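Working notes, beginning with the structure itself.
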Amino acid sequence: MSRWARLSVHALGLLPLLLMIVAATNNQLGPDPGEYLMHFTGEWAARLLILTLCISPLRQLTSSANVLRLRRPLGLYTFFYACIHLLFFLHFYLGWLPSDLWEELVERPFITVGFSAWLVMLTLAITSNTSMQRRLRQNWRRLHRGIYGVAILVSLHILWQARSDIGEALLYSLLFAGLLLWRFARYRKKQAAGSNSQ
Amino acid sequence: MAKLDLPPIPSSEITSESVWLRRREFIGAAAAGVALATTPGYGLAATGSALKYRPASTASGSGFTTAETLTPFEDVTRYNNFYEFGTDKGDPAEYAHEMSIDPWTLRVDGEVEKPGTLNLEDIRSGFDLEERIYRLRCVEAWSMVVPWVGYSLADLLSRFQPTSRAKYVKFYTLQNKKQMRGQRSFTSIIDWPYVEGLRMDEAMHPLTLMAVGLYGKVLPNQNGAPIRLVVPWKYGFKSIKSIVRIELTEHRPRTSWEKIAANEYGFYANVNPRVDHPRWSQKRERRLPSSLFSPNRIATQMFNGYQKQVAHLYSGMDLRKDF
């Protein structure tokens, strides 16, 4: 089971990339490929982040530790699409002008939060391998709780750019909120159990 | 019960089998017509929907035409912001056929001596049509060059004789939940119907166009059929589509986007590279079609390049405050 699960995670993680390559080679990106690709990569990064955050609850529900092995690839695919999203932003929206990048980072809150989310993800990606996990020990777990911060920053990033129809932004934010609330509730329960036993 | 008396179908109306069997070729030929229409020196349009119009006046300084490369017909008609049909750029092309434009009534009322209505026939052939090739700059920082067919709003308004109290013009888009799926979206924060407005002198400016066609043909629904406004020196959202009512008013109307976010979308909404949208820069634009390896980013011009024609309308105004 776990082998198939891991294979399907890789299939899912590579699917958006494949779709983009097919669309680009068939001239199906439309008249404004920048807008299309920004939306596409951003959306997939958000979806994969949601899946990554689903792993812990799934482990509790199935009480199987096997699903935990899906978390790292899902997280890394999330980071992969976040990187492409950022690259496309620099290419299509800024034309690789450093002065424009600085202005956008300073003056546009939704870009500031988006970029911050990417920086946190970068840290998590660099420290994601097993040797870093061993080296950092207890700190590794603490550091990787940063993913909750990423979820909050990404929600803000999406909500802040909604214009006239907030449906999509609301859906993603509610999913993130649900996944974070589940953890918070569990944390409270654990604490209560801990103080009872003393 | 009276017997329904159907007239016999004349043989001239019946498609011969040989033609029917070759129907795909005709569709192909129509597509070729579209392709032809996108090349310079076009004028051929799909059968039945062609308009008769004067070519764009090249009088220097009028701004009525430009030598810039036209955005292809396919892109102009498949990449649209028309939130009545959804917020994705492809939604209007996919769903605008659900709107019926025949019959259509455009009411002109308010501060006019002779309030009245125009029907579809009046809208399309009640005025002298001419071509105008304009730049269209969207507030989202992309732009196109579109050959419109239409007439000056001034021509239309003068027929209804505005009174001296008419200081502003208020436009309304069709409201019809059954035909416009975007209006059924319960997460949309637009207060339908979509409303836009112009100051009287802006409305009477010769560049201000009521378009009924593009690329020599009647407007496709997704581009705002049967009649839309085109104000080339303002951001695209001012150029309201599928208009059912024009009301002349004494007081400045509150537009749909002002109601959503007045700090982001001003009443004037003149294209201005020096005043950024709070969430993105307006200094540059992507001229469509853009492509993967050449995004085609160009500098945005003051008043979208129509400064010579319209700057005087705003003399003495602080365009940072009245954006």
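Residue names in the structure tokens use chain letters A, B, ... in the order shown, residue numbers from 1 in each chain, and ligand numbers from 1 in the order shown.
Close contacts of B:Ser57, defined as residues with an atom at most 12 Å away when counting only C-alpha atoms, with chain neighbours fewer than 3 positions off set aside, comprise Tyr53, Arg54, Ser60, Gly61, Ser62, Gly63, Phe64, Thr65, Thr66, Leu129, Glu130, Glu131, Arg132, Ile133 and Leu207 of chain B.
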| message | Give me, as a ChimeraX atom specification, the residues of chain A touching chain B, with the criterion being at most 10 Å (counting only C-alpha atoms). | response | /A:24,27,29-37,88,91-95,100,103-104,107-111,160-161,163-170
| Leaving out B:Leu153 and any residue of its chain fewer than 3 positions from it, which residues lie within 9 Å of it when counting only C-alpha atoms, given as a ChimeraX atom specification? | /B:156-158,203-210,229
| request: Report the residues of stretch 201-266 of chain B whose backbone DSSP state falls under strand (DSSP E or B), written as JSON, numbers by chain. | output: {"B": [209, 210, 211, 212, 213, 214, 217, 218, 228, 229, 230, 234, 243, 244, 245, 246, 247, 248, 249]}
| task | Please provide as a list in words all residues within 8 Å of stretch 142-154 of chain A, with the sequence filter that same-chain residues fewer than 5 positions apart are discarded (counting only C-alpha atoms). | result |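 Close residues of stretch 142-154 of chain A: Ala46, Leu49, Val113, Gly114, Ser116, Ala117, Trp118, Val120, Met121, Leu124, Phe176 and Leu180 of chain A.
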| Excluding same-chain residues fewer than 4 positions from A:Arg72, what lies within 12 Å of it counting only C-alpha atoms, as a list in words? |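 Once the adjacent positions are removed, what remains is Arg6, Val9, His10, Gly13, Leu48, Leu49, Leu51, Thr52, Leu53, Ile55, Ser56, Val67, Leu68, Leu76, Tyr77, Thr78, Phe79, Leu124, Ala125, Ile126, Thr127, Ser128, Asn129, Thr130, Gln133, His144 and Ile147 of chain A.
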Could those selected residues go to a file with C-alpha atoms, as a compact mmCIF listing (two decimals), in the first residue's frame?
# COMPACT_ATOMS: atom_id res chain seq x y z
CA ARG A 6 4.23 7.07 -2.57
CA VAL A 9 2.20 11.30 -4.53
CA HIS A 10 4.97 11.58 -7.13
CA GLY A 13 3.34 16.19 -7.76
CA LEU A 48 -0.25 20.60 -2.29
CA LEU A 49 0.24 22.56 0.94
CA LEU A 51 -2.46 17.91 1.25
CA THR A 52 0.78 18.20 3.24
CA LEU A 53 -1.16 19.52 6.20
CA ILE A 55 -1.01 14.04 6.66
CA SER A 56 -0.92 14.46 10.45
CA VAL A 67 1.29 7.92 5.83
CA LEU A 68 3.96 10.05 7.51
CA LEU A 76 8.87 19.42 -1.29
CA TYR A 77 6.46 19.46 -4.24
CA THR A 78 4.68 22.38 -2.56
CA PHE A 79 8.00 24.20 -2.37
CA LEU A 124 12.09 23.96 5.73
CA ALA A 125 13.14 22.50 2.37
CA ILE A 126 16.85 22.92 3.13
CA THR A 127 16.44 21.20 6.50
CA SER A 128 14.12 18.50 5.21
CA ASN A 129 16.64 15.69 4.70
CA THR A 130 17.29 12.96 7.25
CA GLN A 133 16.62 15.96 10.97
CA HIS A 144 9.11 22.56 11.04
CA ILE A 147 4.60 25.21 8.14
| 9 Å contact set for stretch 109-114 of chain B, only C-alpha atoms, chain neighbours under 4 positions out, as an NGL selection string | :B and (157 or 159-167 or 245-250)
| field | Residue among B:Glu98, B:Asp122, B:Glu264, B:Asp276 lying closest to B:Val212, counting only C-alpha atoms | value |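 Closest candidate: B:Asp122.
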